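Asker: Just passing along the structure, written as structure tokens.
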Amino acid sequence: MASFWSSWPTLWVNPVPPLQTILVRGITSASQISAWHGDVFFLGRLIPDDPGLLFYPVAIAFRSTPLMWLGIAALIVFGCGILTGGQQTSDQTLGGSGDRRWSWSATGIGVLFVYVILILVGLSSMLSKVDRYLLPIFPALDILTALGLVSGLDWVAKRSHNPRWVMRGLVLIVCVAQLWLTLPTY
């Protein structure tokens, strides 16, 4: 706020008219469809109007990786205790080491899911549809993916005779799979 105020000397003398102009022009421009310059490329063609509610879910599908979907599915299955018989508590330690630095809670995961959903709903209601507006959700999706992958790997390791080698092998498989998926298009 201080940089905004100091960069416009007209605000020092009479702040009401410039602020009024900014707000009025901003609101009127945002409410006009012509301000967004029309066409949106969606599903292989130019669409002159709003592409609808499917635009952002389809954009997420194209901007994400199979590993992300695997991690989120693992978080839903293993993190929620579906395959573990509901033995998860609201505060679980990742990796089974008992290290409290790596603990997470169902509330934190829920907040990240709600954050992603609220941004998707908010963006879907806007007139302007550009896939770069989705960028703020990807850090949250990456955190959810990591938690899911760790929960899934932990579940597999607990059911093996030599968990250290199972974990190493699964991490190696995931890394090679990512290379196999991305290397041909790089």
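Residues are referred to by chain and number: the chain letter is A, B, ... according to the order shown in the structure tokens, the number counts from 1 in that chain, and ligands are numbered separately from 1 in the order shown.
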Got a sec: who's within 12 Å of Leu19 (chain A), counting only C-alpha atoms, leaving out chain neighbours fewer than 4 positions off, as a list in words?
Answerer: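 Those residues are Phe4, Trp5, Trp8, Thr10, Leu11, Trp12, Asn14, Pro15, Leu23, Val24, Arg25 and Gly26 of chain A.
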Asker: Please dump the current selection as a CSV table (one decimal), in the first residue's frame; keep all heavy atoms.
Answerer:
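The resulting file, result05.csv, is shown below:
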```csv
chain,number,residue,atom,x,y,z
A,4,PHE,N,2.2,1.8,-3.5
A,4,PHE,CA,1.1,2.4,-4.4
A,4,PHE,C,0.9,3.8,-4.1
A,4,PHE,O,0.8,4.6,-5.0
A,4,PHE,CB,-0.1,1.6,-4.1
A,4,PHE,CG,-1.3,2.0,-4.8
A,4,PHE,CD1,-1.4,1.8,-6.2
A,4,PHE,CD2,-2.4,2.8,-4.2
A,4,PHE,CE1,-2.6,2.2,-6.9
A,4,PHE,CE2,-3.5,3.2,-4.9
A,4,PHE,CZ,-3.6,2.9,-6.3
A,5,TRP,N,0.9,4.2,-2.8
A,5,TRP,CA,0.7,5.6,-2.4
A,5,TRP,C,1.9,6.5,-2.9
A,5,TRP,O,1.7,7.6,-3.4
A,5,TRP,CB,0.5,5.7,-0.9
A,5,TRP,CG,0.0,7.0,-0.5
A,5,TRP,CD1,0.8,8.0,0.0
A,5,TRP,CD2,-1.3,7.5,-0.4
A,5,TRP,NE1,0.1,9.1,0.3
A,5,TRP,CE2,-1.2,8.8,0.1
A,5,TRP,CE3,-2.5,7.0,-0.7
A,5,TRP,CZ2,-2.4,9.6,0.3
A,5,TRP,CZ3,-3.7,7.7,-0.5
A,5,TRP,CH2,-3.6,9.0,0.0
A,8,TRP,N,2.4,7.3,-6.9
A,8,TRP,CA,1.4,8.3,-7.6
A,8,TRP,C,1.3,9.6,-6.8
A,8,TRP,O,0.5,9.6,-5.8
A,8,TRP,CB,0.1,7.6,-7.7
A,8,TRP,CG,0.0,6.6,-8.8
A,8,TRP,CD1,1.0,6.1,-9.5
A,8,TRP,CD2,-1.2,6.0,-9.3
A,8,TRP,NE1,0.6,5.2,-10.4
A,8,TRP,CE2,-0.8,5.1,-10.3
A,8,TRP,CE3,-2.5,6.1,-9.0
A,8,TRP,CZ2,-1.7,4.3,-11.0
A,8,TRP,CZ3,-3.4,5.3,-9.7
A,8,TRP,CH2,-3.0,4.4,-10.7
A,10,THR,N,-0.3,12.2,-7.4
A,10,THR,CA,-1.6,12.7,-7.4
A,10,THR,C,-2.4,12.2,-6.2
A,10,THR,O,-3.3,12.9,-5.7
A,10,THR,CB,-2.4,12.4,-8.7
A,10,THR,OG1,-3.6,13.1,-8.7
A,10,THR,CG2,-2.6,10.9,-8.8
A,11,LEU,N,-2.1,11.1,-5.6
A,11,LEU,CA,-2.8,10.6,-4.5
A,11,LEU,C,-2.4,11.4,-3.2
A,11,LEU,O,-3.2,11.4,-2.2
A,11,LEU,CB,-2.4,9.1,-4.2
A,11,LEU,CG,-3.0,8.1,-5.2
A,11,LEU,CD1,-2.4,6.7,-4.9
A,11,LEU,CD2,-4.5,8.1,-5.3
A,12,TRP,N,-1.3,12.1,-3.2
A,12,TRP,CA,-0.9,12.9,-2.1
A,12,TRP,C,-1.8,14.1,-2.0
A,12,TRP,O,-2.0,14.6,-0.9
A,12,TRP,CB,0.6,13.3,-2.2
A,12,TRP,CG,1.6,12.2,-2.4
A,12,TRP,CD1,1.4,10.9,-2.3
A,12,TRP,CD2,2.9,12.4,-2.9
A,12,TRP,NE1,2.5,10.2,-2.5
A,12,TRP,CE2,3.5,11.1,-3.0
A,12,TRP,CE3,3.7,13.5,-3.3
A,12,TRP,CZ2,4.8,10.9,-3.4
A,12,TRP,CZ3,5.0,13.2,-3.7
A,12,TRP,CH2,5.5,12.0,-3.7
A,14,ASN,N,-5.0,14.8,-3.9
A,14,ASN,CA,-6.4,14.6,-3.9
A,14,ASN,C,-6.6,13.1,-4.2
A,14,ASN,O,-6.8,12.8,-5.4
A,14,ASN,CB,-7.1,15.5,-4.9
A,14,ASN,CG,-8.6,15.5,-4.7
A,14,ASN,OD1,-9.1,14.9,-3.8
A,14,ASN,ND2,-9.3,16.2,-5.6
A,15,PRO,N,-6.7,12.2,-3.3
A,15,PRO,CA,-6.7,10.8,-3.5
A,15,PRO,C,-8.1,10.3,-4.1
A,15,PRO,O,-8.1,9.2,-4.7
A,15,PRO,CB,-6.4,10.2,-2.2
A,15,PRO,CG,-6.8,11.2,-1.2
A,15,PRO,CD,-6.6,12.5,-1.8
A,23,LEU,N,-11.3,2.3,-9.8
A,23,LEU,CA,-12.4,1.4,-9.4
A,23,LEU,C,-13.5,1.3,-10.5
A,23,LEU,O,-13.9,0.3,-10.9
A,23,LEU,CB,-13.0,1.7,-8.1
A,23,LEU,CG,-12.1,1.4,-6.9
A,23,LEU,CD1,-12.8,1.9,-5.6
A,23,LEU,CD2,-11.8,0.0,-6.8
A,24,VAL,N,-13.9,2.5,-11.0
A,24,VAL,CA,-15.0,2.5,-12.0
A,24,VAL,C,-14.6,1.9,-13.3
A,24,VAL,O,-15.3,1.1,-13.9
A,24,VAL,CB,-15.5,4.0,-12.2
A,24,VAL,CG1,-16.5,4.1,-13.4
A,24,VAL,CG2,-16.2,4.5,-10.9
A,25,ARG,N,-13.4,2.3,-13.8
A,25,ARG,CA,-12.9,1.7,-15.0
A,25,ARG,C,-12.6,0.2,-14.9
A,25,ARG,O,-12.9,-0.6,-15.8
A,25,ARG,CB,-11.7,2.4,-15.5
A,25,ARG,CG,-11.9,3.7,-16.1
A,25,ARG,CD,-10.7,4.3,-16.7
A,25,ARG,NE,-10.9,5.6,-17.2
A,25,ARG,CZ,-10.0,6.4,-17.6
A,25,ARG,NH1,-8.7,6.0,-17.6
A,25,ARG,NH2,-10.3,7.7,-18.0
A,26,GLY,N,-12.1,-0.2,-13.7
A,26,GLY,CA,-11.9,-1.6,-13.5
A,26,GLY,C,-13.1,-2.5,-13.5
A,26,GLY,O,-13.2,-3.5,-14.1
```
Asker: Residues near region 170-182 of chain A, anyone? I mean within 9 Å using only C-alpha atoms, not counting same-chain ones fewer than 5 positions away, as a CSV table (one decimal) with all heavy atoms, in the first residue's frame.
Answerer:
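Written output follows (selection35.csv):
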```csv
chain,number,residue,atom,x,y,z
A,65,THR,N,0.4,-34.5,-14.3
A,65,THR,CA,1.1,-35.7,-14.7
A,65,THR,C,0.4,-36.9,-14.2
A,65,THR,O,-0.4,-36.8,-13.2
A,65,THR,CB,2.6,-35.7,-14.2
A,65,THR,OG1,2.5,-35.7,-12.8
A,65,THR,CG2,3.4,-34.5,-14.6
A,66,PRO,N,0.6,-38.1,-14.8
A,66,PRO,CA,0.0,-39.3,-14.2
A,66,PRO,C,0.4,-39.5,-12.8
A,66,PRO,O,-0.3,-40.1,-12.0
A,66,PRO,CB,0.5,-40.4,-15.1
A,66,PRO,CG,0.8,-39.7,-16.4
A,66,PRO,CD,1.3,-38.4,-16.1
A,67,LEU,N,1.7,-39.2,-12.5
A,67,LEU,CA,2.2,-39.3,-11.1
A,67,LEU,C,1.4,-38.5,-10.1
A,67,LEU,O,1.1,-39.0,-9.0
A,67,LEU,CB,3.7,-39.0,-11.0
A,67,LEU,CG,4.3,-39.2,-9.7
A,67,LEU,CD1,4.3,-40.7,-9.4
A,67,LEU,CD2,5.8,-38.7,-9.7
A,153,LEU,N,3.5,-45.6,-0.4
A,153,LEU,CA,4.8,-46.3,-0.2
A,153,LEU,C,4.9,-46.9,1.2
A,153,LEU,O,5.4,-48.0,1.4
A,153,LEU,CB,6.0,-45.4,-0.5
A,153,LEU,CG,6.1,-45.0,-2.0
A,153,LEU,CD1,7.2,-44.0,-2.2
A,153,LEU,CD2,6.4,-46.2,-2.9
A,165,TRP,N,14.4,-52.1,1.0
A,165,TRP,CA,14.6,-52.3,-0.4
A,165,TRP,C,13.3,-52.1,-1.2
A,165,TRP,O,13.4,-51.7,-2.4
A,165,TRP,CB,15.1,-53.8,-0.6
A,165,TRP,CG,16.6,-53.8,-0.2
A,165,TRP,CD1,17.1,-54.3,0.9
A,165,TRP,CD2,17.7,-53.2,-0.9
A,165,TRP,NE1,18.5,-54.1,1.0
A,165,TRP,CE2,18.8,-53.5,-0.2
A,165,TRP,CE3,17.8,-52.6,-2.1
A,165,TRP,CZ2,20.1,-53.1,-0.6
A,165,TRP,CZ3,19.0,-52.2,-2.6
A,165,TRP,CH2,20.2,-52.4,-1.8
```
Asker: Applying 10 Å and only C-alpha atoms, which residues near Ala73 (chain A) remain after dropping the ones on its own chain fewer than 5 positions away? List them as a list in words.
Answerer: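 Once the nearby chain positions are removed, what remains is Leu67, Met68, Phe78, Gly79, Leu144, Thr145, Gly148, Leu149 and Gly152 of chain A.
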Asker: Could you write out, as a PDB file with C-alpha atoms, in the first residue's frame, all the residues of region 116-168 of chain A that DSSP marks as alpha helix (DSSP H)?
Answerer:
```
ATOM      1  CA  VAL A 116      -8.103 -26.184  -4.772  1.00  0.00           C
ATOM      2  CA  ILE A 117     -11.879 -26.531  -5.083  1.00  0.00           C
ATOM      3  CA  LEU A 118     -12.570 -22.896  -4.156  1.00  0.00           C
ATOM      4  CA  ILE A 119     -10.096 -21.641  -6.733  1.00  0.00           C
ATOM      5  CA  LEU A 120     -11.635 -23.904  -9.377  1.00  0.00           C
ATOM      6  CA  VAL A 121     -15.153 -22.707  -8.579  1.00  0.00           C
ATOM      7  CA  GLY A 122     -14.051 -19.074  -8.530  1.00  0.00           C
ATOM      8  CA  LEU A 123     -12.204 -19.316 -11.816  1.00  0.00           C
ATOM      9  CA  SER A 124     -15.041 -21.183 -13.503  1.00  0.00           C
ATOM     10  CA  ILE A 137      -3.397 -24.606  -7.309  1.00  0.00           C
ATOM     11  CA  PHE A 138      -0.401 -26.641  -8.471  1.00  0.00           C
ATOM     12  CA  PRO A 139       1.728 -26.204  -5.318  1.00  0.00           C
ATOM     13  CA  ALA A 140      -1.227 -27.455  -3.249  1.00  0.00           C
ATOM     14  CA  LEU A 141      -1.752 -30.373  -5.650  1.00  0.00           C
ATOM     15  CA  ASP A 142       1.967 -31.184  -5.456  1.00  0.00           C
ATOM     16  CA  ILE A 143       1.837 -31.291  -1.647  1.00  0.00           C
ATOM     17  CA  LEU A 144      -1.227 -33.544  -1.766  1.00  0.00           C
ATOM     18  CA  THR A 145       0.539 -35.748  -4.321  1.00  0.00           C
ATOM     19  CA  ALA A 146       3.634 -36.083  -2.152  1.00  0.00           C
ATOM     20  CA  LEU A 147       1.562 -36.981   0.908  1.00  0.00           C
ATOM     21  CA  GLY A 148      -0.341 -39.578  -1.098  1.00  0.00           C
ATOM     22  CA  LEU A 149       2.792 -41.137  -2.561  1.00  0.00           C
ATOM     23  CA  VAL A 150       4.448 -41.338   0.849  1.00  0.00           C
ATOM     24  CA  SER A 151       1.293 -42.851   2.365  1.00  0.00           C
ATOM     25  CA  GLY A 152       1.105 -45.413  -0.431  1.00  0.00           C
ATOM     26  CA  LEU A 153       4.789 -46.305  -0.205  1.00  0.00           C
ATOM     27  CA  ASP A 154       4.520 -46.568   3.569  1.00  0.00           C
ATOM     28  CA  TRP A 155       1.531 -48.907   3.216  1.00  0.00           C
ATOM     29  CA  VAL A 156       3.458 -51.136   0.780  1.00  0.00           C
ATOM     30  CA  ALA A 157       6.633 -51.117   2.911  1.00  0.00           C
ATOM     31  CA  LYS A 158       4.773 -52.161   6.063  1.00  0.00           C
ATOM     32  CA  PRO A 163      10.814 -52.492   3.679  1.00  0.00           C
ATOM     33  CA  ARG A 164      14.025 -50.577   2.937  1.00  0.00           C
ATOM     34  CA  TRP A 165      14.575 -52.339  -0.397  1.00  0.00           C
ATOM     35  CA  VAL A 166      10.899 -52.149  -1.291  1.00  0.00           C
ATOM     36  CA  MET A 167      10.902 -48.390  -0.751  1.00  0.00           C
ATOM     37  CA  ARG A 168      14.072 -47.952  -2.795  1.00  0.00           C
TER      38      ARG A 168
END
```
Asker: For Asp39 (chain A), find every residue with an atom within 6 Å (counting only C-alpha atoms), except residues of its own chain fewer than 2 positions away, and show them as a count of residues only.
Answerer: 3
Asker: Which value, in Å to one decimal, gives the distance between CA of Ile72 (chain A) and CA of His161 (chain A)?
Answerer: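 So the answer is 26.4 Å.
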